Amino acid sequence: MLKFSTILLVLLLAFSCTLSAEQENKLNKQLSKYIKSYNENNTLEYAGLSHPAVVRYYSSLGDSKFIAHFSGNTGENTSNLDNPLFREMKSQGNWIERKYTVQKDSRKESDKAYELYAISSDAGNNWFFLTEEDYFLQKIPLKHRLFSK
């Protein structure tokens, strides 16, 4: 009986840290849209795929700050995100966070490793994204921050 309990516990732990095929598919589609909207400087879609707390925060700072944040990928600041690599996942109840490393190529720097965070508050049905700066900005109220710097 002890062996069965141990095996069951190991299986539960192993599967509790993974996503179902449907959750993974939803996340991959949203992540692709997020990166594409960033690269194409599609402000409305980029803001729509960003975490609502991020959108509320920059909206509260005024139109110019909002526009600068969500359409700042132009001119001297032009950069592209590419090659998202899954790094780590943490969860707490229905709250799921995934950390990705992406390549950020810009006029200033090339091939800089950059982190993106995917967050779902409804067990993986909907996904929203945060840049590494926004994720760690304490002025942006998130229910949880499961990763640390």
# chains A, B, ... in the order shown; residues from 1 in each chain; ligands from 1
$ residues_around --residues "Ser148 (chain A)" --least-positions-apart "4" --cutoff "12 Å" --atoms "only C-alpha atoms" --output "list in words"
Glu88, Lys90, Glu97, Lys99, Tyr117, Glu132, Tyr135, Phe136, Leu137, Gln138 and His144 of chain A
$ write_last_selection --atoms "N, CA and C atoms" --output "PDB file, in the first residue's frame"
ATOM      1  N   GLU A  88      10.037  27.811 -17.608  1.00  0.00           N
ATOM      2  CA  GLU A  88       9.551  27.312 -16.326  1.00  0.00           C
ATOM      3  C   GLU A  88       8.075  27.627 -16.167  1.00  0.00           C
ATOM      4  N   LYS A  90       4.889  27.754 -13.086  1.00  0.00           N
ATOM      5  CA  LYS A  90       4.471  27.668 -11.690  1.00  0.00           C
ATOM      6  C   LYS A  90       2.974  27.911 -11.636  1.00  0.00           C
ATOM      7  N   GLU A  97       1.408  30.524 -14.265  1.00  0.00           N
ATOM      8  CA  GLU A  97       2.379  31.427 -14.867  1.00  0.00           C
ATOM      9  C   GLU A  97       3.428  30.599 -15.605  1.00  0.00           C
ATOM     10  N   LYS A  99       7.129  31.170 -17.817  1.00  0.00           N
ATOM     11  CA  LYS A  99       8.208  32.088 -18.177  1.00  0.00           C
ATOM     12  C   LYS A  99       8.840  31.595 -19.473  1.00  0.00           C
ATOM     13  N   TYR A 117       6.324  36.720 -19.717  1.00  0.00           N
ATOM     14  CA  TYR A 117       5.548  35.925 -18.780  1.00  0.00           C
ATOM     15  C   TYR A 117       4.132  35.771 -19.307  1.00  0.00           C
ATOM     16  N   GLU A 132       9.172  41.448 -19.033  1.00  0.00           N
ATOM     17  CA  GLU A 132       9.883  41.274 -17.762  1.00  0.00           C
ATOM     18  C   GLU A 132       9.838  42.549 -16.912  1.00  0.00           C
ATOM     19  N   TYR A 135       6.277  42.709 -15.372  1.00  0.00           N
ATOM     20  CA  TYR A 135       6.048  41.639 -14.404  1.00  0.00           C
ATOM     21  C   TYR A 135       6.603  42.018 -13.026  1.00  0.00           C
ATOM     22  N   PHE A 136       7.765  42.622 -13.006  1.00  0.00           N
ATOM     23  CA  PHE A 136       8.404  42.946 -11.732  1.00  0.00           C
ATOM     24  C   PHE A 136       8.108  44.370 -11.239  1.00  0.00           C
ATOM     25  N   LEU A 137       7.319  45.141 -11.992  1.00  0.00           N
ATOM     26  CA  LEU A 137       6.946  46.484 -11.565  1.00  0.00           C
ATOM     27  C   LEU A 137       5.846  46.375 -10.510  1.00  0.00           C
ATOM     28  N   GLN A 138       6.191  46.654  -9.270  1.00  0.00           N
ATOM     29  CA  GLN A 138       5.262  46.466  -8.154  1.00  0.00           C
ATOM     30  C   GLN A 138       4.045  47.388  -8.217  1.00  0.00           C
ATOM     31  N   HIS A 144      -0.851  37.354  -8.075  1.00  0.00           N
ATOM     32  CA  HIS A 144       0.325  36.596  -7.640  1.00  0.00           C
ATOM     33  C   HIS A 144       1.506  36.977  -8.529  1.00  0.00           C
TER      34      HIS A 144
END
$ closest_residue --among "A:Asn77, A:Ser120, A:Asn125, A:Thr18" --to "Leu142 (chain A)" --atoms "only C-alpha atoms"
A:Ser120
$ select_by_dssp --residues "chain A" --states "strand (DSSP E or B)" --output "VMD selection string"
chain A and resid 50 79 to 92 95 to 106 112 to 120 128 to 131
$ write_last_selection --atoms "N, CA, C and O atoms" --output "compact mmCIF listing (two decimals), in the first residue's frame"
# COMPACT_ATOMS: atom_id res chain seq x y z
N SER A 50 -1.98 41.88 -23.73
CA SER A 50 -1.24 42.16 -22.50
C SER A 50 -2.17 41.95 -21.31
O SER A 50 -3.39 42.07 -21.42
N SER A 79 12.36 46.95 -32.57
CA SER A 79 12.94 45.67 -32.19
C SER A 79 11.96 44.56 -32.57
O SER A 79 10.79 44.82 -32.82
N ASN A 80 12.46 43.36 -32.62
CA ASN A 80 11.64 42.19 -32.93
C ASN A 80 11.85 41.13 -31.87
O ASN A 80 12.97 40.94 -31.40
N LEU A 81 10.77 40.45 -31.54
CA LEU A 81 10.85 39.30 -30.65
C LEU A 81 10.79 38.05 -31.52
O LEU A 81 10.05 38.00 -32.50
N ASP A 82 11.58 37.05 -31.15
CA ASP A 82 11.64 35.83 -31.94
C ASP A 82 12.06 34.66 -31.06
O ASP A 82 12.68 34.85 -30.02
N ASN A 83 11.73 33.47 -31.51
CA ASN A 83 12.21 32.23 -30.91
C ASN A 83 11.87 32.09 -29.42
O ASN A 83 12.77 31.99 -28.59
N PRO A 84 10.57 32.08 -29.08
CA PRO A 84 10.22 31.90 -27.67
C PRO A 84 10.56 30.50 -27.18
O PRO A 84 10.21 29.51 -27.81
N LEU A 85 11.26 30.44 -26.07
CA LEU A 85 11.64 29.16 -25.47
C LEU A 85 11.05 29.07 -24.07
O LEU A 85 11.29 29.93 -23.22
N PHE A 86 10.27 28.02 -23.84
CA PHE A 86 9.68 27.80 -22.53
C PHE A 86 10.78 27.51 -21.52
O PHE A 86 11.66 26.71 -21.77
N ARG A 87 10.71 28.19 -20.38
CA ARG A 87 11.72 27.99 -19.33
C ARG A 87 11.17 27.31 -18.09
O ARG A 87 11.76 26.38 -17.58
N GLU A 88 10.04 27.81 -17.61
CA GLU A 88 9.55 27.31 -16.33
C GLU A 88 8.08 27.63 -16.17
O GLU A 88 7.58 28.61 -16.73
N MET A 89 7.39 26.80 -15.39
CA MET A 89 5.98 27.03 -15.11
C MET A 89 5.74 26.88 -13.62
O MET A 89 6.32 26.01 -12.97
N LYS A 90 4.89 27.75 -13.09
CA LYS A 90 4.47 27.67 -11.69
C LYS A 90 2.97 27.91 -11.64
O LYS A 90 2.43 28.63 -12.47
N SER A 91 2.33 27.30 -10.66
CA SER A 91 0.89 27.51 -10.53
C SER A 91 0.48 27.53 -9.06
O SER A 91 1.18 27.00 -8.19
N GLN A 92 -0.65 28.16 -8.84
CA GLN A 92 -1.26 28.22 -7.51
C GLN A 92 -2.76 28.23 -7.73
O GLN A 92 -3.33 29.24 -8.14
N TRP A 95 -4.42 29.83 -10.97
CA TRP A 95 -3.45 30.83 -11.44
C TRP A 95 -2.23 30.08 -11.97
O TRP A 95 -1.56 29.35 -11.23
N ILE A 96 -1.93 30.26 -13.25
CA ILE A 96 -0.79 29.59 -13.88
C ILE A 96 0.11 30.65 -14.49
O ILE A 96 -0.37 31.57 -15.15
N GLU A 97 1.41 30.52 -14.26
CA GLU A 97 2.38 31.43 -14.87
C GLU A 97 3.43 30.60 -15.61
O GLU A 97 3.88 29.58 -15.11
N ARG A 98 3.78 31.09 -16.79
CA ARG A 98 4.85 30.48 -17.56
C ARG A 98 5.87 31.54 -17.93
O ARG A 98 5.51 32.65 -18.29
N LYS A 99 7.13 31.17 -17.82
CA LYS A 99 8.21 32.09 -18.18
C LYS A 99 8.84 31.60 -19.47
O LYS A 99 9.14 30.41 -19.63
N TYR A 100 9.02 32.55 -20.40
CA TYR A 100 9.65 32.28 -21.69
C TYR A 100 10.86 33.17 -21.85
O TYR A 100 10.86 34.32 -21.38
N THR A 101 11.85 32.68 -22.53
CA THR A 101 12.96 33.51 -22.98
C THR A 101 12.79 33.68 -24.47
O THR A 101 12.56 32.71 -25.20
N VAL A 102 12.86 34.92 -24.93
CA VAL A 102 12.78 35.22 -26.36
C VAL A 102 14.03 35.99 -26.76
O VAL A 102 14.69 36.61 -25.93
N GLN A 103 14.32 35.96 -28.04
CA GLN A 103 15.40 36.77 -28.57
C GLN A 103 14.82 38.12 -28.94
O GLN A 103 13.80 38.20 -29.61
N LYS A 104 15.45 39.19 -28.47
CA LYS A 104 15.00 40.54 -28.77
C LYS A 104 16.10 41.22 -29.57
O LYS A 104 17.15 41.54 -29.04
N ASP A 105 15.84 41.40 -30.85
CA ASP A 105 16.80 42.07 -31.72
C ASP A 105 16.35 43.50 -31.93
O ASP A 105 15.22 43.75 -32.32
N SER A 106 17.24 44.42 -31.66
CA SER A 106 16.93 45.84 -31.86
C SER A 106 18.11 46.52 -32.53
O SER A 106 19.16 45.93 -32.72
N LYS A 112 19.58 39.80 -27.72
CA LYS A 112 19.51 39.94 -26.27
C LYS A 112 18.45 38.96 -25.74
O LYS A 112 17.34 38.91 -26.25
N ALA A 113 18.80 38.18 -24.73
CA ALA A 113 17.82 37.31 -24.10
C ALA A 113 16.85 38.18 -23.31
O ALA A 113 17.26 39.08 -22.58
N TYR A 114 15.57 37.91 -23.47
CA TYR A 114 14.53 38.75 -22.89
C TYR A 114 13.44 37.82 -22.38
O TYR A 114 13.12 36.82 -23.02
N GLU A 115 12.87 38.14 -21.23
CA GLU A 115 11.85 37.27 -20.67
C GLU A 115 10.44 37.81 -20.88
O GLU A 115 10.21 39.02 -20.78
N LEU A 116 9.54 36.90 -21.18
CA LEU A 116 8.11 37.17 -21.26
C LEU A 116 7.42 36.25 -20.27
O LEU A 116 7.86 35.12 -20.05
N TYR A 117 6.32 36.72 -19.72
CA TYR A 117 5.55 35.93 -18.78
C TYR A 117 4.13 35.77 -19.31
O TYR A 117 3.51 36.76 -19.70
N ALA A 118 3.66 34.54 -19.34
CA ALA A 118 2.28 34.24 -19.72
C ALA A 118 1.53 33.92 -18.44
O ALA A 118 2.00 33.14 -17.62
N ILE A 119 0.35 34.53 -18.28
CA ILE A 119 -0.42 34.32 -17.07
C ILE A 119 -1.85 33.97 -17.42
O ILE A 119 -2.48 34.60 -18.27
N SER A 120 -2.35 32.94 -16.74
CA SER A 120 -3.75 32.57 -16.84
C SER A 120 -4.33 32.55 -15.43
O SER A 120 -3.75 31.97 -14.52
N PHE A 128 -2.70 35.88 -20.91
CA PHE A 128 -2.27 37.25 -21.13
C PHE A 128 -0.78 37.33 -20.84
O PHE A 128 -0.23 36.49 -20.13
N PHE A 129 -0.13 38.37 -21.34
CA PHE A 129 1.32 38.42 -21.31
C PHE A 129 1.83 39.69 -20.67
O PHE A 129 1.17 40.73 -20.70
N LEU A 130 3.03 39.57 -20.11
CA LEU A 130 3.73 40.71 -19.51
C LEU A 130 5.19 40.64 -19.92
O LEU A 130 5.77 39.56 -20.00
N THR A 131 5.76 41.81 -20.14
CA THR A 131 7.20 41.88 -20.36
C THR A 131 7.88 41.70 -19.01
O THR A 131 7.24 41.81 -17.95
$ atom_distance --atom1 "CA of Gln30 (chain A)" --atom2 "CA of Trp127 (chain A)"
6.7 Å
$ select_by_dssp --residues "region 32-62 of chain A" --states "helix (DSSP H, G or I)" --output "tab-separated table (two decimals) with N, CA and C atoms, in the first residue's frame"
chain	number	residue	atom	x	y	z
A	32	SER	N	1.85	33.37	-30.03
A	32	SER	CA	2.18	33.73	-31.41
A	32	SER	C	1.55	35.07	-31.80
A	33	LYS	N	0.29	35.27	-31.41
A	33	LYS	CA	-0.39	36.54	-31.70
A	33	LYS	C	0.29	37.69	-30.98
A	34	TYR	N	0.69	37.47	-29.74
A	34	TYR	CA	1.34	38.52	-28.95
A	34	TYR	C	2.65	38.95	-29.61
A	35	ILE	N	3.47	37.98	-29.97
A	35	ILE	CA	4.77	38.29	-30.59
A	35	ILE	C	4.57	38.96	-31.95
A	36	LYS	N	3.61	38.47	-32.73
A	36	LYS	CA	3.35	39.07	-34.04
A	36	LYS	C	2.85	40.50	-33.89
A	37	SER	N	1.95	40.75	-32.94
A	37	SER	CA	1.42	42.11	-32.76
A	37	SER	C	2.52	43.05	-32.27
A	38	TYR	N	3.43	42.56	-31.45
A	38	TYR	CA	4.57	43.38	-31.02
A	38	TYR	C	5.47	43.71	-32.21
A	39	ASN	N	5.82	42.69	-32.97
A	39	ASN	CA	6.74	42.88	-34.10
A	39	ASN	C	6.15	43.78	-35.18
A	43	THR	N	-0.77	48.14	-32.12
A	43	THR	CA	-1.01	48.64	-30.77
A	43	THR	C	-2.25	48.03	-30.12
A	44	LEU	N	-3.36	47.99	-30.84
A	44	LEU	CA	-4.60	47.50	-30.24
A	44	LEU	C	-4.51	46.01	-29.89
A	45	GLU	N	-3.99	45.22	-30.79
A	45	GLU	CA	-3.89	43.79	-30.50
A	45	GLU	C	-2.84	43.54	-29.41
A	46	TYR	N	-1.74	44.26	-29.46
A	46	TYR	CA	-0.69	44.11	-28.45
A	46	TYR	C	-1.23	44.45	-27.06
A	47	ALA	N	-1.98	45.53	-26.94
A	47	ALA	CA	-2.58	45.90	-25.65
A	47	ALA	C	-3.63	44.87	-25.24
A	48	GLY	N	-4.39	44.36	-26.21
A	48	GLY	CA	-5.43	43.38	-25.91
A	48	GLY	C	-4.89	42.05	-25.42
A	49	LEU	N	-3.68	41.71	-25.79
A	49	LEU	CA	-3.07	40.45	-25.37
A	49	LEU	C	-2.21	40.62	-24.12
A	52	PRO	N	-4.51	42.48	-18.29
A	52	PRO	CA	-5.38	43.62	-18.01
A	52	PRO	C	-4.83	44.57	-16.94
A	53	ALA	N	-4.09	44.07	-15.97
A	53	ALA	CA	-3.51	44.94	-14.95
A	53	ALA	C	-2.48	45.88	-15.56
A	54	VAL	N	-1.76	45.41	-16.57
A	54	VAL	CA	-0.77	46.25	-17.26
A	54	VAL	C	-1.49	47.34	-18.05
A	55	VAL	N	-2.55	46.97	-18.74
A	55	VAL	CA	-3.33	47.93	-19.53
A	55	VAL	C	-3.94	49.00	-18.61
A	56	ARG	N	-4.51	48.56	-17.49
A	56	ARG	CA	-5.10	49.52	-16.53
A	56	ARG	C	-4.04	50.47	-15.98
A	57	TYR	N	-2.88	49.94	-15.66
A	57	TYR	CA	-1.81	50.77	-15.10
A	57	TYR	C	-1.38	51.86	-16.08
A	58	TYR	N	-1.09	51.47	-17.32
A	58	TYR	CA	-0.64	52.47	-18.30
A	58	TYR	C	-1.77	53.40	-18.72
A	59	SER	N	-3.01	52.93	-18.70
A	59	SER	CA	-4.16	53.81	-18.98
A	59	SER	C	-4.27	54.88	-17.90
A	60	SER	N	-4.00	54.50	-16.66
A	60	SER	CA	-4.11	55.45	-15.56
A	60	SER	C	-3.04	56.54	-15.62
$ atom_distance --atom1 "CA of Asp122 (chain A)" --atom2 "CA of Gly93 (chain A)"
9.1 Å
